[in-house]
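Notes for the one structure printed next.
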Number of protein chains: 2
Amino acid sequence: MREIVIGAAQMGAIQRADTRESVVDRMLILLDQAKAAGCTLVVYPELCLTTFFPRWYMEDQAEVDTWFETEMPNAATKPLFDRAREYGIAISLGYAEKTPHGRHFNTQITTDRHANIVGTYRKIHLPGHSEFDPNRAFQHLEKRYFEPGDLGFPVFRNMDTWMGMLICNDRRWPEAYRELGLQGVELIMLGYNTPSVNSQNSDEGPEMRQFHSDLSVQAGAYQNSAWVVAVAKAGDEDGHQLNGGSIIVSPDGVIVQKAITEGDELLVHACDMDATKFGKETIFDFKRHRRIEHYGRITGQTGVIYPDGTKG
Amino acid sequence: MREIVIGAAQMGAIQRADTRESVVDRMLILLDQAKAAGCTLVVYPELCLTTFFPRWYMEDQAEVDTWFETEMPNAATKPLFDRAREYGIAISLGYAEKTPHGRHFNTQITTDRHANIVGTYRKIHLPGHSEFDPNRAFQHLEKRYFEPGDLGFPVFRNMDTWMGMLICNDRRWPEAYRELGLQGVELIMLGYNTPSVNSQNSDEGPEMRQFHSDLSVQAGAYQNSAWVVAVAKAGDEDGHQLNGGSIIVSPDGVIVQKAITEGDELLVHACDMDATKFGKETIFDFKRHRRIEHYGRITGQTGVIYPDGTKG
């Protein structure tokens with residue numbers, strides 16, 4: 001048994017006017033709850049220090065940059081790191097990262113139980129678009145404000161466990177989980193900000209969106225025999241509704257904890273990392289069952305090529 | 001609208017003593033029902049002409065070969081092909097194939113509406129093992145009796161639709177769906193024979209097994225925006241229980257039809273192939289969103305390689 005008591009720290013809405021300090025105060029309350037519940041690892045959502053700013057079209061890069069962090073920890077988040085160190089709780093959180101070279105990424109970091117950053121992931125599957133789209137009910141400009149991640153899908157050792165991270169839209173891509181699975185990942189930490197309505201199809205509302213999210217997370221967990229902690233930023237951000245539904249999923253693909261609010265809410269579950277073994281050694285023993293000689297299209301082509309040679 | 005009224009022809013148990021002729025008689029009854037329901041395509045399960053013989057350990061290849069077909073159609077299945085042609089119904093069915101060169105595959109074929117075979121698939125992800133395993137509650141010797149398929153994952157044009165096939169354990173492998181998705185597949189036909197209890201874990205029973213099956217099929221459908229018809233051979237075969245739960249799944253990943261028995265049972269659904277377009281053109285527009293430069297492990301290694309270099 002290698003048990004980690006994990007806290008999935010769903011966060012409610014962050015308004016455009018909210019300061020990072022006010023957000024960190026909320027994160028500290030969740031951390032205190034986690035401490036009281038015996039957690040040794042707390043996972044916060046994607047872009048958890050600010051509102052989901054890619055819903056707004058901006059042309060002024062200086063304005064865009066106000067949503068980014070240039071170092072981590074920084075003045076605003078230092079209290080969080082300090083208290084996490086004091087509690088001996090590892091934390092994972094997402095934020096918009098501007099590097100010293102001026103590059104922009106949608107990033108998540110994980111610390112050890114001493115508040116040292118031991119894992120960094122930069123979101124690879126950026127959804128949405130890069131130019132203003134008048135045909136959408138609202139904008140989703142992640143392709144405008146971020147570069148695709150340049151670090152691949154790192155797996156790292158922390159708390160006697162192989163850990164990896166994914167961010168939001170990554171969870172819909174089985175390639176992302178598989179890259180982690182092929183490195184033996186046992187725990188995947190994943191944050192998301194998911195609009196409750198499809199900006200290109202108003203008939204696709206919160207229930208269907210949550211179903212798609214859960215489906216993808218559960219399949220990714222099962223098919224790689226890994227724990228997945230999927231944590232939402234939820235609620236009404238300046239009139240834009242985000243889904244909640246944070247979940248902790250077992251290596252069998254079963255939801256063992258689920259958020260019931262759209263606000264700040266801590267889910268707690270004692271996750272045994274050894275529970276990942278059975279699947280990895282039997283039905284998903286990759287070395288015995290995968291047939292990479294037939295997977296060539298997955299890395300050989302990006303888009304669809306129909307059998308008649310036309311491109312999709 | 002490109003509508004195909006599809007019949008998913010779940011079949012109940014086939015005992016070891018049952019003749020192929022008796023099985024085809026049952027398939028004809030399902031075909032008659034499909035005709036009455038207006039179907040133009042009927043999908044039968046994996047290995048639908050015989051019992052699931054890989055549960056038995058055999059050393060005599062002549063005995064093994066009695067479970068294989070050396071041509072298709074053959075004397076036993078000709079009545080099925082004849083009636084399908086008469087009805088103008090395309091059919092898809094799975095069987096054990098012995099080629100003229102003496103090779104053995106777990107195969108599925110699909111015909112056009114004139115009973116001409118227009119698609120052939122040979123199962124790539126063979127589950128189980130190749131030698132007698134005394135630690136299992138029962139044997140699952142697919143790796144003994146079949147070679148892995150040698151045709152890749154073909155997509156073919158039929159009934160104004162891009163179609164592909166998968167067989168049983170393939171459905172748990174996202175690589176299989178993605179190979180089809182990267183060829184623009186709109187309809188995936190999939191048969192299975194799934195023991196109701198995990199032979200290596202008696203605590204994993206029918207409900208969990210069905211959950212894993214549904215989860216994998218629904219995720220594969222959603223993540224490639226394709227219809228998937230998953231058809232079981234079900235029931236008690238000589239004391240060995242197989243799961244039912246045949247389903248038809250929409251390109252949204254939603255189960256639109258589900259079998260309620262473990263016997264011969266026809267599910268019918270009018271499937272609009274144009275319903276695959278929205279997903280393929282938006283969230284799963286592969287050419288805009290996939291990042292193949294980060295997928296190298298998927299084709300570069302078969303098994304797990306941990307970050308410290310050890311192999312799983």
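Each chain of the structure tokens is named A, B, ... in the order shown, its residues numbered from 1; ligands are numbered from 1 in display order.
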
Taking only C-alpha atoms into account, find every residue of chain A that has an atom no more than 8 Å from chain B, and write it out as a short mmCIF file (atom, residue, chain, number, x, y, z; two decimals) with all heavy atoms, in the first residue's frame.
data_model
loop_
_atom_site.label_atom_id
_atom_site.label_comp_id
_atom_site.auth_asym_id
_atom_site.auth_seq_id
_atom_site.Cartn_x
_atom_site.Cartn_y
_atom_site.Cartn_z
N ILE A 124 -0.28 21.23 -23.90
CA ILE A 124 0.03 20.93 -25.30
C ILE A 124 -1.19 21.09 -26.20
O ILE A 124 -1.09 21.64 -27.29
CB ILE A 124 0.67 19.53 -25.39
CG1 ILE A 124 2.13 19.64 -24.89
CG2 ILE A 124 0.60 18.97 -26.81
CD1 ILE A 124 2.90 18.35 -24.85
N HIS A 125 -2.33 20.59 -25.76
CA HIS A 125 -3.53 20.66 -26.61
C HIS A 125 -4.34 21.92 -26.30
O HIS A 125 -5.28 21.89 -25.50
CB HIS A 125 -4.39 19.42 -26.42
CG HIS A 125 -3.71 18.16 -26.86
ND1 HIS A 125 -3.05 17.33 -25.98
CD2 HIS A 125 -3.55 17.61 -28.08
CE1 HIS A 125 -2.53 16.31 -26.66
NE2 HIS A 125 -2.81 16.45 -27.93
N LEU A 126 -3.93 23.00 -26.93
CA LEU A 126 -4.64 24.27 -26.73
C LEU A 126 -5.92 24.26 -27.57
O LEU A 126 -5.87 24.10 -28.79
CB LEU A 126 -3.76 25.44 -27.18
CG LEU A 126 -2.44 25.61 -26.41
CD1 LEU A 126 -1.59 26.67 -27.11
CD2 LEU A 126 -2.69 25.99 -24.96
N PRO A 127 -7.07 24.44 -26.95
CA PRO A 127 -8.30 24.49 -27.73
C PRO A 127 -8.53 25.89 -28.28
O PRO A 127 -7.75 26.82 -28.02
CB PRO A 127 -9.36 24.14 -26.69
CG PRO A 127 -8.82 24.74 -25.44
CD PRO A 127 -7.31 24.61 -25.52
N GLY A 152 6.86 18.33 -23.73
CA GLY A 152 6.29 17.00 -23.83
C GLY A 152 5.37 16.72 -22.65
O GLY A 152 4.76 17.65 -22.10
N PHE A 153 5.29 15.45 -22.28
CA PHE A 153 4.42 15.02 -21.18
C PHE A 153 5.30 14.42 -20.08
O PHE A 153 5.45 13.20 -20.00
CB PHE A 153 3.40 14.01 -21.67
CG PHE A 153 2.44 14.55 -22.70
CD1 PHE A 153 2.69 14.39 -24.06
CD2 PHE A 153 1.32 15.25 -22.31
CE1 PHE A 153 1.81 14.90 -25.01
CE2 PHE A 153 0.43 15.77 -23.25
CZ PHE A 153 0.68 15.59 -24.61
N VAL A 155 6.85 12.82 -16.81
CA VAL A 155 6.51 12.05 -15.61
C VAL A 155 7.67 12.20 -14.63
O VAL A 155 8.84 12.17 -15.04
CB VAL A 155 6.26 10.57 -15.95
CG1 VAL A 155 6.16 9.71 -14.70
CG2 VAL A 155 4.98 10.44 -16.78
N PHE A 156 7.35 12.39 -13.38
CA PHE A 156 8.39 12.65 -12.38
C PHE A 156 8.06 11.90 -11.09
O PHE A 156 6.92 11.53 -10.83
CB PHE A 156 8.51 14.17 -12.11
CG PHE A 156 7.21 14.82 -11.74
CD1 PHE A 156 6.88 15.05 -10.41
CD2 PHE A 156 6.30 15.21 -12.71
CE1 PHE A 156 5.67 15.64 -10.06
CE2 PHE A 156 5.09 15.80 -12.37
CZ PHE A 156 4.78 16.01 -11.05
N ARG A 172 -9.14 15.32 -23.27
CA ARG A 172 -9.96 14.71 -24.33
C ARG A 172 -9.11 13.92 -25.32
O ARG A 172 -9.65 13.31 -26.24
CB ARG A 172 -10.71 15.81 -25.10
CG ARG A 172 -11.50 16.72 -24.18
CD ARG A 172 -12.30 17.75 -24.94
NE ARG A 172 -12.73 18.82 -24.08
CZ ARG A 172 -13.82 18.76 -23.28
NH1 ARG A 172 -14.58 17.70 -23.28
NH2 ARG A 172 -14.14 19.80 -22.51
N TRP A 173 -7.78 13.95 -25.16
CA TRP A 173 -6.86 13.38 -26.15
C TRP A 173 -6.17 12.15 -25.57
O TRP A 173 -5.31 12.27 -24.70
CB TRP A 173 -5.84 14.46 -26.58
CG TRP A 173 -6.54 15.59 -27.26
CD1 TRP A 173 -7.11 16.67 -26.65
CD2 TRP A 173 -6.85 15.70 -28.64
NE1 TRP A 173 -7.75 17.45 -27.59
CE2 TRP A 173 -7.61 16.87 -28.83
CE3 TRP A 173 -6.58 14.89 -29.76
CZ2 TRP A 173 -8.08 17.28 -30.08
CZ3 TRP A 173 -7.04 15.30 -31.01
CH2 TRP A 173 -7.79 16.48 -31.16
N PRO A 174 -6.54 10.97 -26.06
CA PRO A 174 -5.94 9.76 -25.51
C PRO A 174 -4.44 9.71 -25.69
O PRO A 174 -3.74 9.04 -24.92
CB PRO A 174 -6.65 8.64 -26.28
CG PRO A 174 -7.23 9.27 -27.50
CD PRO A 174 -7.51 10.70 -27.13
N GLU A 175 -3.93 10.42 -26.68
CA GLU A 175 -2.47 10.46 -26.87
C GLU A 175 -1.78 11.03 -25.63
O GLU A 175 -0.65 10.62 -25.29
CB GLU A 175 -2.12 11.32 -28.09
CG GLU A 175 -2.55 10.76 -29.44
CD GLU A 175 -3.92 11.23 -29.88
OE1 GLU A 175 -4.73 11.67 -29.01
OE2 GLU A 175 -4.19 11.19 -31.10
N ALA A 176 -2.43 11.98 -24.98
CA ALA A 176 -1.82 12.64 -23.83
C ALA A 176 -1.67 11.66 -22.66
O ALA A 176 -0.60 11.53 -22.07
CB ALA A 176 -2.66 13.85 -23.41
N ARG A 178 -1.65 8.46 -22.91
CA ARG A 178 -0.79 7.35 -23.30
C ARG A 178 0.68 7.72 -23.18
O ARG A 178 1.50 6.89 -22.77
CB ARG A 178 -1.12 6.89 -24.72
CG ARG A 178 -0.42 5.60 -25.08
CD ARG A 178 -0.86 4.45 -24.16
NE ARG A 178 -1.80 3.58 -24.82
CZ ARG A 178 -2.87 3.04 -24.23
NH1 ARG A 178 -3.12 3.29 -22.96
NH2 ARG A 178 -3.67 2.24 -24.89
N GLU A 179 1.01 8.97 -23.52
CA GLU A 179 2.39 9.41 -23.34
C GLU A 179 2.80 9.27 -21.87
O GLU A 179 3.91 8.85 -21.56
CB GLU A 179 2.55 10.87 -23.81
CG GLU A 179 2.76 11.01 -25.30
CD GLU A 179 4.16 10.60 -25.73
OE1 GLU A 179 5.13 10.89 -25.00
OE2 GLU A 179 4.29 9.96 -26.79
N GLY A 181 1.23 7.23 -19.70
CA GLY A 181 1.14 5.81 -19.37
C GLY A 181 2.38 5.05 -19.79
O GLY A 181 2.82 4.12 -19.10
N LEU A 182 2.95 5.42 -20.91
CA LEU A 182 4.15 4.74 -21.41
C LEU A 182 5.38 5.07 -20.56
O LEU A 182 6.44 4.47 -20.75
CB LEU A 182 4.38 5.08 -22.88
CG LEU A 182 3.45 4.33 -23.85
CD1 LEU A 182 3.46 4.98 -25.24
CD2 LEU A 182 3.85 2.85 -23.94
N GLN A 183 5.23 6.01 -19.65
CA GLN A 183 6.28 6.28 -18.67
C GLN A 183 5.90 5.74 -17.28
O GLN A 183 6.53 6.07 -16.29
CB GLN A 183 6.54 7.79 -18.58
CG GLN A 183 7.05 8.38 -19.91
CD GLN A 183 7.08 9.90 -19.86
OE1 GLN A 183 7.99 10.49 -19.29
NE2 GLN A 183 6.07 10.53 -20.43
N GLY A 184 4.83 4.95 -17.25
CA GLY A 184 4.46 4.29 -16.00
C GLY A 184 3.70 5.17 -15.02
O GLY A 184 3.65 4.88 -13.82
N HIS A 212 -18.93 14.58 -21.33
CA HIS A 212 -17.73 14.44 -22.17
C HIS A 212 -16.45 14.52 -21.33
O HIS A 212 -15.48 13.81 -21.59
CB HIS A 212 -17.70 15.54 -23.24
CG HIS A 212 -18.67 15.30 -24.35
ND1 HIS A 212 -19.09 16.29 -25.19
CD2 HIS A 212 -19.30 14.16 -24.77
CE1 HIS A 212 -19.94 15.78 -26.08
NE2 HIS A 212 -20.08 14.50 -25.84
N LEU A 215 -16.25 11.27 -19.18
CA LEU A 215 -15.97 10.14 -20.08
C LEU A 215 -14.49 10.09 -20.44
O LEU A 215 -13.85 9.03 -20.36
CB LEU A 215 -16.82 10.29 -21.35
CG LEU A 215 -16.60 9.27 -22.46
CD1 LEU A 215 -16.95 7.86 -22.00
CD2 LEU A 215 -17.44 9.66 -23.69
N SER A 216 -13.95 11.22 -20.80
CA SER A 216 -12.55 11.27 -21.23
C SER A 216 -11.61 10.98 -20.07
O SER A 216 -10.61 10.26 -20.22
CB SER A 216 -12.24 12.64 -21.83
OG SER A 216 -13.00 12.86 -23.01
N GLN A 218 -12.32 9.32 -17.25
CA GLN A 218 -12.46 7.93 -16.80
C GLN A 218 -11.78 6.96 -17.77
O GLN A 218 -11.12 6.01 -17.36
CB GLN A 218 -13.94 7.58 -16.64
CG GLN A 218 -14.60 8.35 -15.53
CD GLN A 218 -16.08 8.03 -15.43
OE1 GLN A 218 -16.92 8.73 -15.98
NE2 GLN A 218 -16.41 6.95 -14.74
N ALA A 219 -11.93 7.21 -19.07
CA ALA A 219 -11.27 6.34 -20.05
C ALA A 219 -9.76 6.45 -19.95
O ALA A 219 -9.04 5.45 -20.01
CB ALA A 219 -11.74 6.68 -21.46
N TYR A 222 -8.69 4.47 -16.79
CA TYR A 222 -8.82 3.01 -16.99
C TYR A 222 -7.77 2.48 -17.97
O TYR A 222 -7.08 1.50 -17.69
CB TYR A 222 -10.23 2.70 -17.48
CG TYR A 222 -10.41 1.30 -18.01
CD1 TYR A 222 -10.17 0.19 -17.20
CD2 TYR A 222 -10.84 1.08 -19.32
CE1 TYR A 222 -10.33 -1.09 -17.70
CE2 TYR A 222 -11.00 -0.20 -19.82
CZ TYR A 222 -10.75 -1.28 -19.01
OH TYR A 222 -10.90 -2.56 -19.51
N GLN A 223 -7.64 3.15 -19.11
CA GLN A 223 -6.82 2.60 -20.19
C GLN A 223 -5.32 2.73 -19.91
O GLN A 223 -4.50 2.19 -20.67
CB GLN A 223 -7.20 3.26 -21.52
CG GLN A 223 -8.63 2.85 -21.94
CD GLN A 223 -9.18 3.60 -23.13
OE1 GLN A 223 -8.68 4.68 -23.49
NE2 GLN A 223 -10.20 3.04 -23.75
N ASP A 252 -9.42 1.94 -12.09
CA ASP A 252 -10.47 1.17 -12.77
C ASP A 252 -11.39 2.08 -13.57
O ASP A 252 -12.35 1.60 -14.17
CB ASP A 252 -11.32 0.42 -11.74
CG ASP A 252 -11.07 -1.07 -11.77
OD1 ASP A 252 -10.70 -1.60 -12.83
OD2 ASP A 252 -11.26 -1.71 -10.72
N GLY A 253 -11.15 3.38 -13.55
CA GLY A 253 -12.01 4.32 -14.27
C GLY A 253 -13.25 4.73 -13.51
O GLY A 253 -14.14 5.38 -14.07
N ILE A 283 -4.46 -6.57 -18.27
CA ILE A 283 -5.08 -6.17 -19.54
C ILE A 283 -4.34 -5.01 -20.22
O ILE A 283 -4.33 -4.91 -21.44
CB ILE A 283 -6.58 -5.86 -19.32
CG1 ILE A 283 -7.33 -5.88 -20.64
CG2 ILE A 283 -6.78 -4.54 -18.58
CD1 ILE A 283 -8.83 -5.98 -20.47
N ASP A 285 -0.98 -4.46 -19.86
CA ASP A 285 0.46 -4.72 -19.89
C ASP A 285 0.93 -4.37 -21.31
O ASP A 285 0.89 -5.20 -22.23
CB ASP A 285 0.72 -6.19 -19.56
CG ASP A 285 2.22 -6.50 -19.53
OD1 ASP A 285 3.02 -5.62 -19.89
OD2 ASP A 285 2.58 -7.63 -19.16
N PHE A 286 1.35 -3.14 -21.46
CA PHE A 286 1.59 -2.62 -22.81
C PHE A 286 2.58 -3.47 -23.60
O PHE A 286 2.41 -3.69 -24.79
CB PHE A 286 2.12 -1.18 -22.73
CG PHE A 286 1.14 -0.18 -22.19
CD1 PHE A 286 1.59 1.04 -21.66
CD2 PHE A 286 -0.24 -0.41 -22.22
CE1 PHE A 286 0.69 1.98 -21.18
CE2 PHE A 286 -1.13 0.53 -21.73
CZ PHE A 286 -0.67 1.72 -21.20
N LYS A 287 3.62 -3.94 -22.93
CA LYS A 287 4.66 -4.64 -23.70
C LYS A 287 4.15 -5.94 -24.32
O LYS A 287 4.67 -6.38 -25.34
CB LYS A 287 5.90 -4.89 -22.84
CG LYS A 287 5.72 -5.89 -21.71
CD LYS A 287 7.03 -6.06 -20.93
CE LYS A 287 6.85 -7.02 -19.77
NZ LYS A 287 5.85 -6.56 -18.76
N ARG A 288 3.13 -6.53 -23.71
CA ARG A 288 2.58 -7.76 -24.28
C ARG A 288 1.50 -7.51 -25.31
O ARG A 288 1.25 -8.36 -26.17
CB ARG A 288 2.00 -8.64 -23.16
CG ARG A 288 3.06 -9.25 -22.25
CD ARG A 288 2.54 -10.51 -21.57
NE ARG A 288 1.33 -10.25 -20.79
CZ ARG A 288 0.20 -10.95 -20.91
NH1 ARG A 288 0.11 -11.95 -21.75
NH2 ARG A 288 -0.83 -10.64 -20.15
N HIS A 289 0.83 -6.36 -25.24
CA HIS A 289 -0.40 -6.21 -26.03
C HIS A 289 -0.37 -5.12 -27.10
O HIS A 289 -1.13 -5.21 -28.06
CB HIS A 289 -1.58 -5.96 -25.08
CG HIS A 289 -1.83 -7.06 -24.10
ND1 HIS A 289 -1.97 -8.38 -24.47
CD2 HIS A 289 -1.95 -7.04 -22.75
CE1 HIS A 289 -2.18 -9.12 -23.39
NE2 HIS A 289 -2.17 -8.35 -22.33
N ARG A 290 0.46 -4.10 -26.92
CA ARG A 290 0.43 -3.02 -27.92
C ARG A 290 1.11 -3.49 -29.22
O ARG A 290 2.01 -4.30 -29.21
CB ARG A 290 1.11 -1.75 -27.39
CG ARG A 290 0.36 -1.15 -26.20
CD ARG A 290 1.03 0.13 -25.68
NE ARG A 290 0.78 1.27 -26.56
CZ ARG A 290 1.69 1.93 -27.25
NH1 ARG A 290 2.96 1.58 -27.18
NH2 ARG A 290 1.35 2.94 -28.00
N ARG A 291 0.65 -2.95 -30.33
CA ARG A 291 1.15 -3.36 -31.65
C ARG A 291 1.55 -2.11 -32.42
O ARG A 291 0.87 -1.65 -33.32
CB ARG A 291 0.04 -4.12 -32.42
CG ARG A 291 -0.58 -5.31 -31.70
CD ARG A 291 0.33 -6.46 -31.35
NE ARG A 291 1.24 -6.86 -32.39
CZ ARG A 291 2.05 -7.92 -32.32
NH1 ARG A 291 2.03 -8.68 -31.23
NH2 ARG A 291 2.88 -8.20 -33.30
N ILE A 292 2.69 -1.58 -32.04
CA ILE A 292 3.09 -0.27 -32.56
C ILE A 292 3.32 -0.27 -34.07
O ILE A 292 3.26 0.78 -34.70
CB ILE A 292 4.34 0.28 -31.83
CG1 ILE A 292 5.55 -0.64 -32.02
CG2 ILE A 292 4.05 0.50 -30.35
CD1 ILE A 292 6.84 -0.06 -31.43
N GLU A 293 3.54 -1.47 -34.64
CA GLU A 293 3.74 -1.51 -36.09
C GLU A 293 2.48 -1.09 -36.85
O GLU A 293 2.54 -0.80 -38.05
CB GLU A 293 4.20 -2.90 -36.53
CG GLU A 293 3.19 -4.03 -36.34
CD GLU A 293 3.20 -4.66 -34.95
OE1 GLU A 293 3.59 -3.97 -33.98
OE2 GLU A 293 2.81 -5.84 -34.83
N HIS A 294 1.34 -1.06 -36.15
CA HIS A 294 0.09 -0.65 -36.80
C HIS A 294 -0.39 0.74 -36.37
O HIS A 294 -1.53 1.10 -36.64
CB HIS A 294 -1.00 -1.70 -36.53
CG HIS A 294 -0.73 -3.03 -37.15
ND1 HIS A 294 -0.59 -3.20 -38.51
CD2 HIS A 294 -0.52 -4.25 -36.60
CE1 HIS A 294 -0.34 -4.48 -38.77
NE2 HIS A 294 -0.29 -5.13 -37.63
N TYR A 295 0.44 1.46 -35.64
CA TYR A 295 0.02 2.78 -35.12
C TYR A 295 0.64 3.94 -35.90
O TYR A 295 0.63 5.09 -35.42
CB TYR A 295 0.42 2.93 -33.65
CG TYR A 295 -0.12 1.90 -32.68
CD1 TYR A 295 0.48 1.75 -31.43
CD2 TYR A 295 -1.23 1.11 -32.98
CE1 TYR A 295 0.00 0.84 -30.50
CE2 TYR A 295 -1.71 0.18 -32.05
CZ TYR A 295 -1.09 0.05 -30.82
OH TYR A 295 -1.56 -0.85 -29.90
N GLY A 296 1.18 3.66 -37.05
CA GLY A 296 1.98 4.67 -37.75
C GLY A 296 1.30 6.00 -38.01
O GLY A 296 1.94 7.05 -37.97
N ARG A 297 0.00 5.97 -38.27
CA ARG A 297 -0.68 7.24 -38.56
C ARG A 297 -0.68 8.18 -37.35
O ARG A 297 -0.76 9.39 -37.51
CB ARG A 297 -2.13 6.97 -38.98
CG ARG A 297 -2.28 6.33 -40.35
CD ARG A 297 -3.75 6.13 -40.72
NE ARG A 297 -3.86 5.42 -41.98
CZ ARG A 297 -3.82 4.09 -42.09
NH1 ARG A 297 -3.71 3.34 -41.00
NH2 ARG A 297 -3.91 3.52 -43.27
N ILE A 298 -0.62 7.62 -36.17
CA ILE A 298 -0.77 8.44 -34.96
C ILE A 298 0.35 9.46 -34.84
O ILE A 298 0.13 10.59 -34.39
CB ILE A 298 -0.88 7.53 -33.71
CG1 ILE A 298 -2.18 6.72 -33.80
CG2 ILE A 298 -0.82 8.34 -32.42
CD1 ILE A 298 -2.32 5.64 -32.74
N THR A 299 1.53 9.05 -35.27
CA THR A 299 2.64 10.01 -35.26
C THR A 299 3.04 10.45 -36.66
O THR A 299 3.77 11.42 -36.80
CB THR A 299 3.88 9.41 -34.57
OG1 THR A 299 4.12 8.09 -35.07
CG2 THR A 299 3.69 9.34 -33.06
N GLY A 300 2.54 9.76 -37.68
CA GLY A 300 2.96 10.08 -39.04
C GLY A 300 2.15 11.17 -39.71
O GLY A 300 2.57 11.72 -40.73
N GLN A 301 0.97 11.45 -39.17
CA GLN A 301 0.12 12.49 -39.77
C GLN A 301 -0.64 13.20 -38.68
O GLN A 301 -1.04 12.59 -37.69
CB GLN A 301 -0.85 11.87 -40.79
CG GLN A 301 -1.90 10.95 -40.19
CD GLN A 301 -2.70 10.16 -41.21
OE1 GLN A 301 -2.17 9.31 -41.94
NE2 GLN A 301 -3.99 10.47 -41.30
N THR A 302 -0.85 14.51 -38.87
CA THR A 302 -1.58 15.29 -37.87
C THR A 302 -3.08 15.21 -38.08
O THR A 302 -3.84 14.92 -37.17
CB THR A 302 -1.12 16.75 -37.91
OG1 THR A 302 0.28 16.79 -37.65
CG2 THR A 302 -1.84 17.58 -36.86
N GLY A 303 -3.51 15.47 -39.31
CA GLY A 303 -4.93 15.50 -39.61
C GLY A 303 -5.39 14.25 -40.33
O GLY A 303 -4.63 13.30 -40.54
N VAL A 304 -6.67 14.28 -40.72
CA VAL A 304 -7.27 13.13 -41.41
C VAL A 304 -6.74 13.03 -42.84
O VAL A 304 -6.64 14.04 -43.54
CB VAL A 304 -8.81 13.27 -41.43
CG1 VAL A 304 -9.45 12.22 -42.33
CG2 VAL A 304 -9.35 13.18 -40.01
N ILE A 305 -6.41 11.83 -43.26
CA ILE A 305 -6.19 11.52 -44.67
C ILE A 305 -7.13 10.37 -45.01
O ILE A 305 -6.98 9.26 -44.49
CB ILE A 305 -4.73 11.14 -44.97
CG1 ILE A 305 -3.78 12.26 -44.53
CG2 ILE A 305 -4.55 10.84 -46.45
CD1 ILE A 305 -2.30 11.93 -44.72
N TYR A 306 -8.11 10.65 -45.85
CA TYR A 306 -9.07 9.61 -46.21
C TYR A 306 -8.40 8.55 -47.08
O TYR A 306 -7.38 8.82 -47.72
CB TYR A 306 -10.26 10.25 -46.96
CG TYR A 306 -11.11 11.12 -46.08
CD1 TYR A 306 -10.91 12.49 -46.04
CD2 TYR A 306 -12.10 10.56 -45.28
CE1 TYR A 306 -11.68 13.30 -45.21
CE2 TYR A 306 -12.88 11.37 -44.46
CZ TYR A 306 -12.66 12.73 -44.42
OH TYR A 306 -13.43 13.52 -43.61
N PRO A 307 -8.99 7.37 -47.13
CA PRO A 307 -8.40 6.29 -47.95
C PRO A 307 -8.26 6.68 -49.42
O PRO A 307 -7.41 6.11 -50.11
CB PRO A 307 -9.39 5.14 -47.77
CG PRO A 307 -9.96 5.37 -46.40
CD PRO A 307 -10.10 6.87 -46.30
N GLY A 312 -8.74 15.73 -44.68
CA GLY A 312 -9.88 16.25 -43.93
C GLY A 312 -9.55 17.57 -43.27
O GLY A 312 -8.45 18.07 -43.34
#

Do you know which residues are at most 8 Å from Gly7 of chain A counting only C-alpha atoms, after dropping those on the same chain fewer than 3 positions away, and could you put them as a PDB file with N, CA and C atoms, in the first residue's frame?
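So the final result, stored in result-v1.pdb, reads:
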ATOM      1  N   ALA A  34      -7.680  20.972   3.851  1.00  0.00           N
ATOM      2  CA  ALA A  34      -6.953  19.766   3.444  1.00  0.00           C
ATOM      3  C   ALA A  34      -6.076  19.259   4.582  1.00  0.00           C
ATOM      4  N   CYS A  39      -4.787  15.453   4.291  1.00  0.00           N
ATOM      5  CA  CYS A  39      -4.209  15.387   2.941  1.00  0.00           C
ATOM      6  C   CYS A  39      -2.705  15.644   2.982  1.00  0.00           C
ATOM      7  N   THR A  40      -1.992  14.999   2.052  1.00  0.00           N
ATOM      8  CA  THR A  40      -0.574  15.294   1.860  1.00  0.00           C
ATOM      9  C   THR A  40      -0.304  15.834   0.457  1.00  0.00           C
ATOM     10  N   LEU A  41      -1.332  15.945  -0.339  1.00  0.00           N
ATOM     11  CA  LEU A  41      -1.223  16.499  -1.696  1.00  0.00           C
ATOM     12  C   LEU A  41      -2.528  17.209  -2.019  1.00  0.00           C
ATOM     13  N   VAL A  42      -2.424  18.453  -2.496  1.00  0.00           N
ATOM     14  CA  VAL A  42      -3.615  19.208  -2.882  1.00  0.00           C
ATOM     15  C   VAL A  42      -3.459  19.680  -4.325  1.00  0.00           C
ATOM     16  N   VAL A  43      -4.501  19.442  -5.124  1.00  0.00           N
ATOM     17  CA  VAL A  43      -4.486  19.817  -6.539  1.00  0.00           C
ATOM     18  C   VAL A  43      -5.483  20.945  -6.774  1.00  0.00           C
ATOM     19  N   LEU A 266     -13.538  21.197  -1.389  1.00  0.00           N
ATOM     20  CA  LEU A 266     -12.447  20.234  -1.305  1.00  0.00           C
ATOM     21  C   LEU A 266     -12.989  18.809  -1.330  1.00  0.00           C
ATOM     22  N   LEU A 267     -12.515  17.996  -2.289  1.00  0.00           N
ATOM     23  CA  LEU A 267     -12.766  16.555  -2.284  1.00  0.00           C
ATOM     24  C   LEU A 267     -11.555  15.874  -1.672  1.00  0.00           C
ATOM     25  N   VAL A 268     -11.779  14.864  -0.882  1.00  0.00           N
ATOM     26  CA  VAL A 268     -10.669  14.154  -0.240  1.00  0.00           C
ATOM     27  C   VAL A 268     -10.814  12.660  -0.502  1.00  0.00           C
ATOM     28  N   HIS A 269      -9.721  12.034  -0.880  1.00  0.00           N
ATOM     29  CA  HIS A 269      -9.745  10.581  -1.059  1.00  0.00           C
ATOM     30  C   HIS A 269      -8.367  10.005  -0.779  1.00  0.00           C
TER      31      HIS A 269
END
